[in-house]
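First up is the structure itself, then whatever we jot down about it.
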Amino acid sequence: QTPLGPSLEEIYVKTMAAQEEKVASPAQTALDKAQALFEKSEFAAAAQAADDGLLNTRLSVLAGCAVLRGKAILAPLLEALEDESKPDPSETDFREAWVMFQLALRFHPENEEAQEEVEKLQAVISELP
């Protein structure tokens, strides 16, 4: 707040919030439509609306998010393996990272980073006691 009223930052934040409310993403719009159709038991139309939403979503971006999440889960586990003062993680501890990399490959089978992370993870798991 300035002596003359709201600051430029406050105005910007309020403006952006209003814009976000007005303009839903194409994927969210498709999801809302698919949900409404499903609730009316219009299953074929709901499936088509969901397909439209998937097509409007860049699957490579979703794959990138899944890879990053997998790496963020994996990194502390790998650090624990290197740290003699910490107990080694079990194979089960690596499951969520594995799922994220597999999800990335489902979204974008050509994702080289996901492929490399799967190979790295397989090697790590094979070395576990």
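Note on naming: chains are A, B, ... as they come in the structure tokens, residues start from 1 per chain, ligands start from 1 in the order shown.
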
Open item on the list: as an NGL selection string, please: every residue in chain A that a backbone DSSP assignment puts in alpha helix (DSSP H).
Closed with: :A and (8-22 or 26-39 or 43-56 or 59-82 or 95-107 or 112-127)

Open item on the list: Residues near stretch 100-117 of chain A, anyone? I mean within 7 Å using only C-alpha atoms, not counting same-chain ones fewer than 4 positions away, as a list in words.
Closed with: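 That gives Leu59, Ser60, Leu62, Ala63, Gly64, Ala66, Val67, Arg69, Gly70, Glu96 and Leu121 of chain A.
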
Please produce an output containing N, CA and C atoms for each residue in the selection, written as a compact mmCIF listing (two decimals), in the first residue's frame.
# COMPACT_ATOMS: atom_id res chain seq x y z
N LEU A 59 2.03 -33.75 -23.64
CA LEU A 59 2.45 -34.91 -22.87
C LEU A 59 3.94 -34.87 -22.57
N SER A 60 4.73 -34.23 -23.43
CA SER A 60 6.16 -34.14 -23.15
C SER A 60 6.41 -33.29 -21.90
N LEU A 62 4.25 -33.08 -19.31
CA LEU A 62 3.89 -33.96 -18.20
C LEU A 62 5.00 -34.98 -17.94
N ALA A 63 5.59 -35.50 -19.00
CA ALA A 63 6.69 -36.45 -18.84
C ALA A 63 7.86 -35.78 -18.13
N GLY A 64 8.16 -34.55 -18.50
CA GLY A 64 9.24 -33.81 -17.85
C GLY A 64 8.98 -33.61 -16.38
N ALA A 66 7.14 -35.58 -14.49
CA ALA A 66 7.28 -36.88 -13.85
C ALA A 66 8.76 -37.23 -13.65
N VAL A 67 9.59 -36.94 -14.64
CA VAL A 67 11.03 -37.22 -14.51
C VAL A 67 11.62 -36.39 -13.37
N ARG A 69 10.12 -35.12 -10.78
CA ARG A 69 9.64 -35.65 -9.50
C ARG A 69 10.39 -36.92 -9.13
N GLY A 70 10.57 -37.80 -10.10
CA GLY A 70 11.32 -39.04 -9.84
C GLY A 70 12.75 -38.76 -9.40
N GLU A 96 8.58 -45.30 -5.66
CA GLU A 96 7.90 -44.11 -6.18
C GLU A 96 8.70 -43.45 -7.30
N LEU A 121 18.47 -46.47 -12.20
CA LEU A 121 17.74 -47.03 -11.06
C LEU A 121 17.82 -48.55 -11.05

Open item on the list: So the first atom is atom CA of A:Asp32 and the second is atom CA of A:Lys14; what is the distance between them in Å, to one decimal place?
Closed with: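 Computed distance, atom CA of A:Asp32 to atom CA of A:Lys14, equals 24.8 Å.
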
TODO: Return the single residue from A:Val124, A:Trp98, A:Asp52, A:Val118 that is closest to A:Glu82, with distances computed using only C-alpha atoms.
DONE: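 Closest candidate: A:Val124.
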
TODO: Rank nothing, just name the residue among A:Leu128, A:Leu55, A:Leu31, A:Ala123 nearest to A:Pro89, using only C-alpha atoms.
DONE: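 Answer, going by the shortest atom-to-atom distance: A:Leu128.
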
Open item on the list: So, with only C-alpha atoms as the atoms that count, which of A:Val13, A:Leu77, A:Pro26, A:Ser126 lies closest to A:Asp93?
Closed with: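 Ranking A:Val13, A:Leu77, A:Pro26, A:Ser126 by distance to A:Asp93, first place goes to A:Leu77.
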
- [ ] Go ahead and compute the interatomic distance for atom CA of A:Ile73 and atom CA of A:Gln28, in Å to one decimal.
- [x]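 Atom-to-atom, atom CA of A:Ile73 to atom CA of A:Gln28, that is 27.2 Å.
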
- [ ] Just the residues within 10 Å of A:Ile125, please, counting only C-alpha atoms, with nothing from its chain fewer than 5 positions along; format it as a list in words.
- [x]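 Close residues of A:Ile125: Pro89, Ser90, Glu91, Thr92, Phe94, Glu119 and Lys120 of chain A.
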
Extract, using only C-alpha atoms, all DNA, RNA and protein residues at most 12 Å from A:Asp51, discarding same-chain residues fewer than 3 positions from it, and format them as a CSV table (one decimal) with N, CA, C and O atoms, in the first residue's frame.
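Final file, selection_10.csv:
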chain,number,residue,atom,x,y,z
A,26,PRO,N,-7.2,-25.0,-21.4
A,26,PRO,CA,-7.9,-25.9,-22.3
A,26,PRO,C,-8.1,-27.3,-21.6
A,26,PRO,O,-9.1,-28.0,-21.7
A,27,ALA,N,-7.1,-27.8,-21.0
A,27,ALA,CA,-7.1,-29.1,-20.4
A,27,ALA,C,-8.2,-29.1,-19.2
A,27,ALA,O,-8.9,-30.1,-19.1
A,30,ALA,N,-11.6,-29.1,-20.7
A,30,ALA,CA,-12.0,-30.4,-21.2
A,30,ALA,C,-12.3,-31.4,-20.1
A,30,ALA,O,-13.2,-32.2,-20.2
A,31,LEU,N,-11.5,-31.3,-19.0
A,31,LEU,CA,-11.8,-32.2,-17.8
A,31,LEU,C,-13.1,-31.9,-17.2
A,31,LEU,O,-13.9,-32.8,-16.9
A,33,LYS,N,-15.7,-30.6,-18.7
A,33,LYS,CA,-16.7,-31.1,-19.7
A,33,LYS,C,-16.9,-32.6,-19.6
A,33,LYS,O,-18.0,-33.1,-19.5
A,34,ALA,N,-15.7,-33.3,-19.5
A,34,ALA,CA,-15.8,-34.7,-19.5
A,34,ALA,C,-16.4,-35.2,-18.2
A,34,ALA,O,-17.2,-36.1,-18.2
A,44,ALA,N,-19.5,-42.2,-23.8
A,44,ALA,CA,-18.8,-42.0,-25.0
A,44,ALA,C,-18.3,-40.6,-25.2
A,44,ALA,O,-17.2,-40.3,-25.5
A,45,ALA,N,-19.3,-39.7,-24.9
A,45,ALA,CA,-19.0,-38.2,-25.1
A,45,ALA,C,-18.0,-37.8,-24.0
A,45,ALA,O,-17.1,-37.0,-24.2
A,46,ALA,N,-18.1,-38.4,-22.8
A,46,ALA,CA,-17.1,-38.1,-21.7
A,46,ALA,C,-15.7,-38.6,-22.1
A,46,ALA,O,-14.7,-37.8,-21.9
A,47,ALA,N,-15.6,-39.7,-22.7
A,47,ALA,CA,-14.3,-40.3,-23.1
A,47,ALA,C,-13.7,-39.4,-24.2
A,47,ALA,O,-12.5,-39.1,-24.2
A,48,GLN,N,-14.6,-38.9,-25.1
A,48,GLN,CA,-14.1,-38.0,-26.2
A,48,GLN,C,-13.6,-36.7,-25.6
A,48,GLN,O,-12.5,-36.2,-26.0
A,54,LEU,N,-6.5,-34.5,-23.2
A,54,LEU,CA,-5.2,-35.1,-23.3
A,54,LEU,C,-4.5,-34.6,-24.5
A,54,LEU,O,-3.3,-34.3,-24.4
A,55,LEU,N,-5.2,-34.4,-25.6
A,55,LEU,CA,-4.5,-33.9,-26.8
A,55,LEU,C,-4.1,-32.5,-26.7
A,55,LEU,O,-3.1,-32.1,-27.2
A,56,ASN,N,-4.8,-31.7,-25.9
A,56,ASN,CA,-4.5,-30.3,-25.7
A,56,ASN,C,-3.4,-30.1,-24.6
A,56,ASN,O,-2.9,-29.0,-24.4
A,57,THR,N,-3.0,-31.2,-23.9
A,57,THR,CA,-2.0,-31.1,-22.9
A,57,THR,C,-0.7,-31.7,-23.6
A,57,THR,O,-0.7,-32.8,-24.2
